[in-house]
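Q: Data: data05.cif, mmCIF, N, CA and C atoms and all ligand atoms.
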data_target
#
loop_
_atom_site.label_atom_id
_atom_site.label_comp_id
_atom_site.auth_asym_id
_atom_site.auth_seq_id
_atom_site.Cartn_x
_atom_site.Cartn_y
_atom_site.Cartn_z
N MET A 1 32.70 4.98 -12.40
CA MET A 1 33.93 4.89 -13.20
C MET A 1 33.65 4.14 -14.49
N LYS A 2 33.97 4.78 -15.60
CA LYS A 2 33.71 4.21 -16.91
C LYS A 2 34.78 3.18 -17.26
N GLN A 3 34.36 2.05 -17.83
CA GLN A 3 35.33 1.07 -18.30
C GLN A 3 35.32 0.91 -19.82
N PHE A 4 34.44 1.65 -20.48
CA PHE A 4 34.41 1.62 -21.94
C PHE A 4 35.67 2.29 -22.49
N LYS A 5 36.14 1.80 -23.63
CA LYS A 5 37.32 2.41 -24.22
C LYS A 5 36.97 3.67 -25.00
N GLU A 6 35.68 3.84 -25.30
CA GLU A 6 35.25 5.03 -26.01
C GLU A 6 35.31 6.26 -25.10
N PRO A 7 35.39 7.47 -25.71
CA PRO A 7 35.43 8.69 -24.90
C PRO A 7 34.14 8.90 -24.10
N GLU A 8 34.27 9.59 -22.99
CA GLU A 8 33.12 9.83 -22.11
C GLU A 8 32.00 10.58 -22.80
N ASN A 9 32.39 11.43 -23.75
CA ASN A 9 31.36 12.26 -24.40
C ASN A 9 30.84 11.64 -25.69
N LEU A 10 31.16 10.36 -25.93
CA LEU A 10 30.63 9.69 -27.10
C LEU A 10 29.10 9.75 -27.08
N ALA A 11 28.51 10.11 -28.23
CA ALA A 11 27.05 10.16 -28.31
C ALA A 11 26.50 8.74 -28.48
N VAL A 12 25.59 8.36 -27.61
CA VAL A 12 24.99 7.03 -27.69
C VAL A 12 23.48 7.15 -27.69
N PHE A 13 22.83 6.12 -28.20
CA PHE A 13 21.38 6.10 -28.24
C PHE A 13 20.81 5.49 -26.96
N THR A 14 19.77 6.10 -26.47
CA THR A 14 19.01 5.48 -25.39
C THR A 14 17.55 5.87 -25.61
N CYS A 15 16.71 5.66 -24.63
CA CYS A 15 15.30 5.99 -24.82
C CYS A 15 14.78 6.81 -23.65
N THR A 16 13.70 7.48 -23.90
CA THR A 16 13.10 8.34 -22.87
C THR A 16 12.67 7.53 -21.66
N HIS A 17 12.34 6.24 -21.90
CA HIS A 17 11.91 5.38 -20.79
C HIS A 17 13.01 5.25 -19.74
N VAL A 18 14.25 5.16 -20.24
CA VAL A 18 15.41 5.03 -19.35
C VAL A 18 15.76 6.38 -18.73
N MET A 19 15.85 7.42 -19.58
CA MET A 19 16.36 8.70 -19.09
C MET A 19 15.31 9.48 -18.30
N ARG A 20 14.04 9.32 -18.66
CA ARG A 20 13.01 10.13 -17.99
C ARG A 20 12.03 9.28 -17.20
N GLY A 21 11.84 8.05 -17.64
CA GLY A 21 10.82 7.23 -17.00
C GLY A 21 11.36 6.36 -15.87
N GLY A 22 12.69 6.33 -15.73
CA GLY A 22 13.28 5.54 -14.65
C GLY A 22 13.29 4.05 -14.91
N ASP A 23 13.05 3.65 -16.16
CA ASP A 23 13.10 2.22 -16.47
C ASP A 23 14.56 1.74 -16.49
N PRO A 24 14.80 0.48 -16.09
CA PRO A 24 16.17 -0.04 -16.14
C PRO A 24 16.62 -0.29 -17.57
N ILE A 25 17.93 -0.22 -17.79
CA ILE A 25 18.52 -0.59 -19.08
C ILE A 25 18.55 -2.12 -19.13
N LEU A 26 17.86 -2.69 -20.13
CA LEU A 26 17.79 -4.16 -20.21
C LEU A 26 18.35 -4.71 -21.52
N THR A 27 18.62 -3.84 -22.47
CA THR A 27 19.19 -4.27 -23.75
C THR A 27 20.32 -3.33 -24.15
N ILE A 28 21.45 -3.87 -24.53
CA ILE A 28 22.56 -3.05 -25.02
C ILE A 28 23.02 -3.63 -26.34
N SER A 29 23.16 -2.76 -27.35
CA SER A 29 23.66 -3.19 -28.65
C SER A 29 24.92 -2.43 -28.98
N HIS A 30 25.87 -3.13 -29.61
CA HIS A 30 27.07 -2.49 -30.14
C HIS A 30 27.00 -2.66 -31.64
N GLU A 31 26.70 -1.60 -32.35
CA GLU A 31 26.36 -1.69 -33.77
C GLU A 31 27.56 -2.03 -34.64
N GLU A 32 27.31 -3.00 -35.52
CA GLU A 32 28.37 -3.48 -36.41
C GLU A 32 28.82 -2.40 -37.40
N ASP A 33 27.87 -1.63 -37.93
CA ASP A 33 28.21 -0.72 -39.03
C ASP A 33 29.01 0.50 -38.60
N ASP A 34 28.63 1.11 -37.49
CA ASP A 34 29.31 2.35 -37.11
C ASP A 34 29.92 2.31 -35.71
N GLY A 35 29.85 1.16 -35.06
CA GLY A 35 30.45 1.05 -33.73
C GLY A 35 29.67 1.77 -32.65
N GLY A 36 28.46 2.22 -32.99
CA GLY A 36 27.65 2.94 -32.02
C GLY A 36 27.07 2.03 -30.96
N TRP A 37 26.65 2.63 -29.86
CA TRP A 37 26.05 1.88 -28.76
C TRP A 37 24.61 2.31 -28.56
N GLN A 38 23.78 1.33 -28.17
CA GLN A 38 22.39 1.62 -27.81
C GLN A 38 22.11 1.02 -26.45
N PHE A 39 21.52 1.81 -25.59
CA PHE A 39 21.17 1.36 -24.24
C PHE A 39 19.67 1.56 -24.07
N LEU A 40 18.92 0.48 -24.14
CA LEU A 40 17.47 0.61 -24.16
C LEU A 40 16.80 -0.15 -23.02
N CYS A 41 15.58 0.24 -22.73
CA CYS A 41 14.78 -0.46 -21.73
C CYS A 41 14.24 -1.74 -22.37
N GLY A 42 13.40 -2.45 -21.67
CA GLY A 42 12.92 -3.73 -22.17
C GLY A 42 11.72 -3.64 -23.09
N ASN A 43 11.21 -2.45 -23.34
CA ASN A 43 10.06 -2.32 -24.23
C ASN A 43 10.42 -2.77 -25.64
N LYS A 44 9.55 -3.56 -26.24
CA LYS A 44 9.85 -4.08 -27.57
C LYS A 44 9.83 -2.98 -28.61
N GLU A 45 8.84 -2.10 -28.48
CA GLU A 45 8.63 -1.14 -29.55
C GLU A 45 9.22 0.23 -29.19
N HIS A 46 10.11 0.72 -30.00
CA HIS A 46 10.65 2.06 -29.81
C HIS A 46 10.40 2.87 -31.07
N ARG A 47 9.71 3.98 -30.90
CA ARG A 47 9.47 4.87 -32.03
C ARG A 47 10.47 6.02 -31.97
N ASN A 48 10.48 6.81 -33.05
CA ASN A 48 11.43 7.93 -33.10
C ASN A 48 11.31 8.85 -31.90
N LYS A 49 10.08 9.06 -31.46
CA LYS A 49 9.88 10.00 -30.36
C LYS A 49 10.42 9.46 -29.04
N ASP A 50 10.68 8.17 -28.98
CA ASP A 50 11.22 7.58 -27.75
C ASP A 50 12.74 7.65 -27.70
N ALA A 51 13.36 7.98 -28.83
CA ALA A 51 14.82 7.94 -28.91
C ALA A 51 15.45 9.18 -28.29
N MET A 52 16.58 8.98 -27.63
CA MET A 52 17.35 10.10 -27.09
C MET A 52 18.81 9.84 -27.37
N ILE A 53 19.57 10.91 -27.56
CA ILE A 53 21.01 10.80 -27.70
C ILE A 53 21.64 11.48 -26.49
N VAL A 54 22.47 10.74 -25.80
CA VAL A 54 23.13 11.29 -24.60
C VAL A 54 24.61 10.92 -24.66
N ALA A 55 25.38 11.45 -23.74
CA ALA A 55 26.80 11.10 -23.66
C ALA A 55 26.94 9.77 -22.93
N LEU A 56 27.94 9.01 -23.37
CA LEU A 56 28.18 7.70 -22.75
C LEU A 56 28.31 7.82 -21.22
N MET A 57 28.94 8.89 -20.75
CA MET A 57 29.14 9.02 -19.31
C MET A 57 27.83 9.16 -18.55
N GLU A 58 26.80 9.69 -19.21
CA GLU A 58 25.50 9.81 -18.55
C GLU A 58 24.89 8.43 -18.29
N ILE A 59 25.12 7.53 -19.26
CA ILE A 59 24.61 6.16 -19.11
C ILE A 59 25.34 5.45 -17.98
N VAL A 60 26.66 5.60 -17.95
CA VAL A 60 27.45 4.93 -16.91
C VAL A 60 27.09 5.50 -15.54
N ALA A 61 26.86 6.81 -15.49
CA ALA A 61 26.49 7.43 -14.22
C ALA A 61 25.13 6.92 -13.74
N LEU A 62 24.25 6.65 -14.69
CA LEU A 62 22.92 6.18 -14.36
C LEU A 62 22.94 4.74 -13.85
N ASP A 63 23.77 3.91 -14.48
CA ASP A 63 23.79 2.49 -14.13
C ASP A 63 25.18 1.92 -14.42
N GLU A 64 25.98 1.80 -13.38
CA GLU A 64 27.37 1.35 -13.56
C GLU A 64 27.46 -0.09 -14.07
N SER A 65 26.39 -0.85 -13.95
CA SER A 65 26.47 -2.25 -14.37
C SER A 65 26.59 -2.38 -15.88
N VAL A 66 26.40 -1.30 -16.63
CA VAL A 66 26.64 -1.39 -18.08
C VAL A 66 28.12 -1.63 -18.35
N ASN A 67 28.99 -1.30 -17.39
CA ASN A 67 30.43 -1.55 -17.54
C ASN A 67 30.74 -3.03 -17.75
N GLU A 68 29.85 -3.89 -17.26
CA GLU A 68 30.08 -5.33 -17.38
C GLU A 68 30.16 -5.78 -18.84
N VAL A 69 29.61 -4.99 -19.74
CA VAL A 69 29.65 -5.36 -21.16
C VAL A 69 30.42 -4.33 -21.99
N ALA A 70 31.32 -3.62 -21.35
CA ALA A 70 32.09 -2.57 -22.03
C ALA A 70 32.94 -3.12 -23.18
N ASP A 71 33.29 -4.41 -23.12
CA ASP A 71 34.11 -4.99 -24.18
C ASP A 71 33.29 -5.83 -25.16
N LEU A 72 31.99 -5.58 -25.19
CA LEU A 72 31.11 -6.31 -26.12
C LEU A 72 31.58 -6.10 -27.56
N PRO A 73 31.80 -7.19 -28.32
CA PRO A 73 32.27 -7.02 -29.70
C PRO A 73 31.22 -6.34 -30.57
N LEU A 74 31.67 -5.79 -31.67
CA LEU A 74 30.78 -5.17 -32.65
C LEU A 74 29.76 -6.18 -33.15
N GLY A 75 28.55 -5.70 -33.37
CA GLY A 75 27.51 -6.55 -33.93
C GLY A 75 26.83 -7.44 -32.90
N ARG A 76 27.18 -7.29 -31.63
CA ARG A 76 26.57 -8.13 -30.60
C ARG A 76 25.58 -7.33 -29.76
N ARG A 77 24.70 -8.08 -29.13
CA ARG A 77 23.66 -7.47 -28.31
C ARG A 77 23.55 -8.29 -27.02
N VAL A 78 23.31 -7.63 -25.92
CA VAL A 78 23.09 -8.34 -24.67
C VAL A 78 21.73 -7.95 -24.10
N LYS A 79 21.16 -8.88 -23.34
CA LYS A 79 19.88 -8.64 -22.69
C LYS A 79 19.93 -9.16 -21.28
N ARG A 80 19.09 -8.63 -20.43
CA ARG A 80 18.92 -9.19 -19.10
C ARG A 80 17.46 -9.02 -18.72
N GLU A 81 17.02 -9.87 -17.79
CA GLU A 81 15.60 -9.88 -17.42
C GLU A 81 15.25 -8.72 -16.50
N THR A 82 16.15 -8.42 -15.58
CA THR A 82 15.92 -7.33 -14.63
C THR A 82 17.23 -6.58 -14.43
N LYS A 83 17.15 -5.48 -13.73
CA LYS A 83 18.34 -4.66 -13.52
C LYS A 83 19.44 -5.43 -12.78
N ASN A 84 19.05 -6.39 -11.94
CA ASN A 84 20.04 -7.10 -11.15
C ASN A 84 20.44 -8.45 -11.75
N ALA A 85 19.86 -8.79 -12.89
CA ALA A 85 20.18 -10.08 -13.52
C ALA A 85 21.48 -9.98 -14.30
N LYS A 86 22.02 -11.17 -14.64
CA LYS A 86 23.24 -11.24 -15.43
C LYS A 86 22.93 -10.92 -16.89
N TRP A 87 23.88 -10.31 -17.60
CA TRP A 87 23.71 -10.03 -19.03
C TRP A 87 23.85 -11.34 -19.80
N ASP A 88 22.96 -11.55 -20.76
CA ASP A 88 23.05 -12.68 -21.69
C ASP A 88 23.42 -12.17 -23.06
N ILE A 89 24.46 -12.74 -23.66
CA ILE A 89 24.86 -12.32 -25.00
C ILE A 89 23.99 -13.00 -26.04
N MET A 90 23.40 -12.21 -26.93
CA MET A 90 22.56 -12.75 -28.00
C MET A 90 23.44 -12.92 -29.23
N SER A 91 23.09 -13.87 -30.06
CA SER A 91 23.92 -14.09 -31.25
C SER A 91 23.81 -12.91 -32.19
N GLN A 92 22.65 -12.35 -32.30
CA GLN A 92 22.49 -11.13 -33.12
C GLN A 92 21.60 -10.14 -32.46
ZN ZN B 1 12.62 2.38 -23.90
#
What does the file become when written as structure tokens?
A:
Amino acid sequence: MKQFKEPENLAVFTCTHVMRGGDPILTISHEEDDGGWQFLCGNKEHRNKDAMIVALMEIVALDESVNEVADLPLGRRVKRETKNAKWDIMSQ
């Protein structure tokens, strides 16, 4: 069950590591400029070829714990150490 206020079919950024490699989502960003969302694995380096655009509902279906940060303000980013850890809000 989605708790984001955005529509289920909203296009969001994620990475192949999450969608194809089975890596957990460890970083979520809510972009200040366009209100977009990014759901990425813990890898520091992401190149263009690693980027994927999917529907928000696909992310929620993959990992319902992203709902815990559904009300993250614009311009904020959260991180967690593992899939079962608590989200930490980063200042930027
Ligand atoms: Zn990744």
Q: What does the distance from atom CA of A:His30 to atom CA of A:Thr82 come to in Å, to one decimal?
A: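 The value is 19.7 Å.
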Q: Could you go through chain A and tell me which residues DSSP, when run on the backbone, assigns to strand (DSSP E), listing them as a list in words?
A: Ala11, Val12, Phe13, Thr14, Cys15, Thr27, Ile28, Ser29, His30, Trp37, Gln38, Phe39, Leu40, Ala51, Met52, Ile53, Val54, Ala55, Arg76, Arg77, Val78, Lys79, Asp88, Ile89 and Met90 of chain A
Q: How would you write, as a VMD selection string, the set of residues no farther than 12 Å from ligand ZN 1 (chain B) when counting only C-alpha atoms and all ligand atoms?
A: chain A and resid 13 to 28 38 to 52
Q: Would you mind exporting the chosen residues as an mmCIF file, in the frame of the given file, restricted to N, CA and C atoms?
A:
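For reference, out.cif as written:
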data_model
loop_
_atom_site.group_PDB
_atom_site.id
_atom_site.type_symbol
_atom_site.label_atom_id
_atom_site.label_comp_id
_atom_site.auth_asym_id
_atom_site.auth_seq_id
_atom_site.Cartn_x
_atom_site.Cartn_y
_atom_site.Cartn_z
ATOM 1 N N PHE A 13 22.830 6.120 -28.200
ATOM 2 C CA PHE A 13 21.380 6.100 -28.240
ATOM 3 C C PHE A 13 20.810 5.490 -26.960
ATOM 4 N N THR A 14 19.770 6.100 -26.470
ATOM 5 C CA THR A 14 19.010 5.480 -25.390
ATOM 6 C C THR A 14 17.550 5.870 -25.610
ATOM 7 N N CYS A 15 16.710 5.660 -24.630
ATOM 8 C CA CYS A 15 15.300 5.990 -24.820
ATOM 9 C C CYS A 15 14.780 6.810 -23.650
ATOM 10 N N THR A 16 13.700 7.480 -23.900
ATOM 11 C CA THR A 16 13.100 8.340 -22.870
ATOM 12 C C THR A 16 12.670 7.530 -21.660
ATOM 13 N N HIS A 17 12.340 6.240 -21.900
ATOM 14 C CA HIS A 17 11.910 5.380 -20.790
ATOM 15 C C HIS A 17 13.010 5.250 -19.740
ATOM 16 N N VAL A 18 14.250 5.160 -20.240
ATOM 17 C CA VAL A 18 15.410 5.030 -19.350
ATOM 18 C C VAL A 18 15.760 6.380 -18.730
ATOM 19 N N MET A 19 15.850 7.420 -19.580
ATOM 20 C CA MET A 19 16.360 8.700 -19.090
ATOM 21 C C MET A 19 15.310 9.480 -18.300
ATOM 22 N N ARG A 20 14.040 9.320 -18.660
ATOM 23 C CA ARG A 20 13.010 10.130 -17.990
ATOM 24 C C ARG A 20 12.030 9.280 -17.200
ATOM 25 N N GLY A 21 11.840 8.050 -17.640
ATOM 26 C CA GLY A 21 10.820 7.230 -17.000
ATOM 27 C C GLY A 21 11.360 6.360 -15.870
ATOM 28 N N GLY A 22 12.690 6.330 -15.730
ATOM 29 C CA GLY A 22 13.280 5.540 -14.650
ATOM 30 C C GLY A 22 13.290 4.050 -14.910
ATOM 31 N N ASP A 23 13.050 3.650 -16.160
ATOM 32 C CA ASP A 23 13.100 2.220 -16.470
ATOM 33 C C ASP A 23 14.560 1.740 -16.490
ATOM 34 N N PRO A 24 14.800 0.480 -16.090
ATOM 35 C CA PRO A 24 16.170 -0.040 -16.140
ATOM 36 C C PRO A 24 16.620 -0.290 -17.570
ATOM 37 N N ILE A 25 17.930 -0.220 -17.790
ATOM 38 C CA ILE A 25 18.520 -0.590 -19.080
ATOM 39 C C ILE A 25 18.550 -2.120 -19.130
ATOM 40 N N LEU A 26 17.860 -2.690 -20.130
ATOM 41 C CA LEU A 26 17.790 -4.160 -20.210
ATOM 42 C C LEU A 26 18.350 -4.710 -21.520
ATOM 43 N N THR A 27 18.620 -3.840 -22.470
ATOM 44 C CA THR A 27 19.190 -4.270 -23.750
ATOM 45 C C THR A 27 20.320 -3.330 -24.150
ATOM 46 N N ILE A 28 21.450 -3.870 -24.530
ATOM 47 C CA ILE A 28 22.560 -3.050 -25.020
ATOM 48 C C ILE A 28 23.020 -3.630 -26.340
ATOM 49 N N GLN A 38 23.780 1.330 -28.170
ATOM 50 C CA GLN A 38 22.390 1.620 -27.810
ATOM 51 C C GLN A 38 22.110 1.020 -26.450
ATOM 52 N N PHE A 39 21.520 1.810 -25.590
ATOM 53 C CA PHE A 39 21.170 1.360 -24.240
ATOM 54 C C PHE A 39 19.670 1.560 -24.070
ATOM 55 N N LEU A 40 18.920 0.480 -24.140
ATOM 56 C CA LEU A 40 17.470 0.610 -24.160
ATOM 57 C C LEU A 40 16.800 -0.150 -23.020
ATOM 58 N N CYS A 41 15.580 0.240 -22.730
ATOM 59 C CA CYS A 41 14.780 -0.460 -21.730
ATOM 60 C C CYS A 41 14.240 -1.740 -22.370
ATOM 61 N N GLY A 42 13.400 -2.450 -21.670
ATOM 62 C CA GLY A 42 12.920 -3.730 -22.170
ATOM 63 C C GLY A 42 11.720 -3.640 -23.090
ATOM 64 N N ASN A 43 11.210 -2.450 -23.340
ATOM 65 C CA ASN A 43 10.060 -2.320 -24.230
ATOM 66 C C ASN A 43 10.420 -2.770 -25.640
ATOM 67 N N LYS A 44 9.550 -3.560 -26.240
ATOM 68 C CA LYS A 44 9.850 -4.080 -27.570
ATOM 69 C C LYS A 44 9.830 -2.980 -28.610
ATOM 70 N N GLU A 45 8.840 -2.100 -28.480
ATOM 71 C CA GLU A 45 8.630 -1.140 -29.550
ATOM 72 C C GLU A 45 9.220 0.230 -29.190
ATOM 73 N N HIS A 46 10.110 0.720 -30.000
ATOM 74 C CA HIS A 46 10.650 2.060 -29.810
ATOM 75 C C HIS A 46 10.400 2.870 -31.070
ATOM 76 N N ARG A 47 9.710 3.980 -30.900
ATOM 77 C CA ARG A 47 9.470 4.870 -32.030
ATOM 78 C C ARG A 47 10.470 6.020 -31.970
ATOM 79 N N ASN A 48 10.480 6.810 -33.050
ATOM 80 C CA ASN A 48 11.430 7.930 -33.100
ATOM 81 C C ASN A 48 11.310 8.850 -31.900
ATOM 82 N N LYS A 49 10.080 9.060 -31.460
ATOM 83 C CA LYS A 49 9.880 10.000 -30.360
ATOM 84 C C LYS A 49 10.420 9.460 -29.040
ATOM 85 N N ASP A 50 10.680 8.170 -28.980
ATOM 86 C CA ASP A 50 11.220 7.580 -27.750
ATOM 87 C C ASP A 50 12.740 7.650 -27.700
ATOM 88 N N ALA A 51 13.360 7.980 -28.830
ATOM 89 C CA ALA A 51 14.820 7.940 -28.910
ATOM 90 C C ALA A 51 15.450 9.180 -28.290
ATOM 91 N N MET A 52 16.580 8.980 -27.630
ATOM 92 C CA MET A 52 17.350 10.100 -27.090
ATOM 93 C C MET A 52 18.810 9.840 -27.370
#
Q: Between A:Glu31, A:Lys2, A:Glu81, A:Ala11, which is the closest to A:Asp63 once you count only C-alpha atoms?
A: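 Smallest separation from A:Asp63 among the options: A:Lys2.
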Q: Select, from A:Arg76, A:Glu6, A:Ile53, A:Val12, the residue with the minimum atom-to-atom distance to A:Ile89, counting all atoms listed in the file.
A: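 When distances to A:Ile89 are compared using all atoms listed in the file, the smallest one comes from A:Arg76.
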Q: Here is a test: counting only C-alpha atoms, which residue of A:Lys86, A:Leu10, A:Gly36, A:Lys5 is nearest to A:Glu68?
A: A:Lys86
Q: Can you tell me, as a list in words, what residues are no more than 8 Å from A:Gly35 when counting all atoms listed in the file, ignoring any on the same chain fewer than 5 positions away?
A: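 Those residues are Ser29, His30, Leu74 and Gly75 of chain A.
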Q: Atom N of A:Glu64 to atom CA of A:Glu8: how many Å, to one decimal?
A: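 A separation of 13.8 Å between them.
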Q: From the DSSP assignment of the backbone, select every residue of stretch 11-92 of chain A that is alpha helix (DSSP H), and format the answer as number ranges by chain.
A: A: 16-19, 56-62
Q: Quick one: everything within 8 Å of A:Ala70, counting only C-alpha atoms, minus sequence neighbours fewer than 4 positions away in the same chain. Send it as a PDB file with N, CA and C atoms, in the coordinates of the input.
A:
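That gives us around.pdb:
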ATOM      1  N   GLN A   3      34.360   2.050 -17.830  1.00  0.00           N
ATOM      2  CA  GLN A   3      35.330   1.070 -18.300  1.00  0.00           C
ATOM      3  C   GLN A   3      35.320   0.910 -19.820  1.00  0.00           C
ATOM      4  N   PHE A   4      34.440   1.650 -20.480  1.00  0.00           N
ATOM      5  CA  PHE A   4      34.410   1.620 -21.940  1.00  0.00           C
ATOM      6  C   PHE A   4      35.670   2.290 -22.490  1.00  0.00           C
ATOM      7  N   LYS A   5      36.140   1.800 -23.630  1.00  0.00           N
ATOM      8  CA  LYS A   5      37.320   2.410 -24.220  1.00  0.00           C
ATOM      9  C   LYS A   5      36.970   3.670 -25.000  1.00  0.00           C
ATOM     10  N   VAL A  66      26.400  -1.300 -16.630  1.00  0.00           N
ATOM     11  CA  VAL A  66      26.640  -1.390 -18.080  1.00  0.00           C
ATOM     12  C   VAL A  66      28.120  -1.630 -18.350  1.00  0.00           C
TER      13      VAL A  66
END
Q: Using all atoms listed in the file for the distances, tell me which of A:Pro7, A:Val54, A:Asp33, A:Trp87 is nearest to A:Val69.
A: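 Looking only at the distances to A:Val69, the closest residue turns out to be A:Trp87.
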Q: Return the single residue from A:Met90, A:Ser65, A:Trp37, A:Met57 that is closest to A:Arg77, with distances computed using all atoms listed in the file.
A: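 Result for the nearest residue to A:Arg77: A:Met90.
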Q: Report, in Å with one decimal, the straight-line distance from atom C of A:Ala61 to atom N of A:Met1.
A: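 About the pair atom C of A:Ala61 and atom N of A:Met1: they are 7.9 Å apart.
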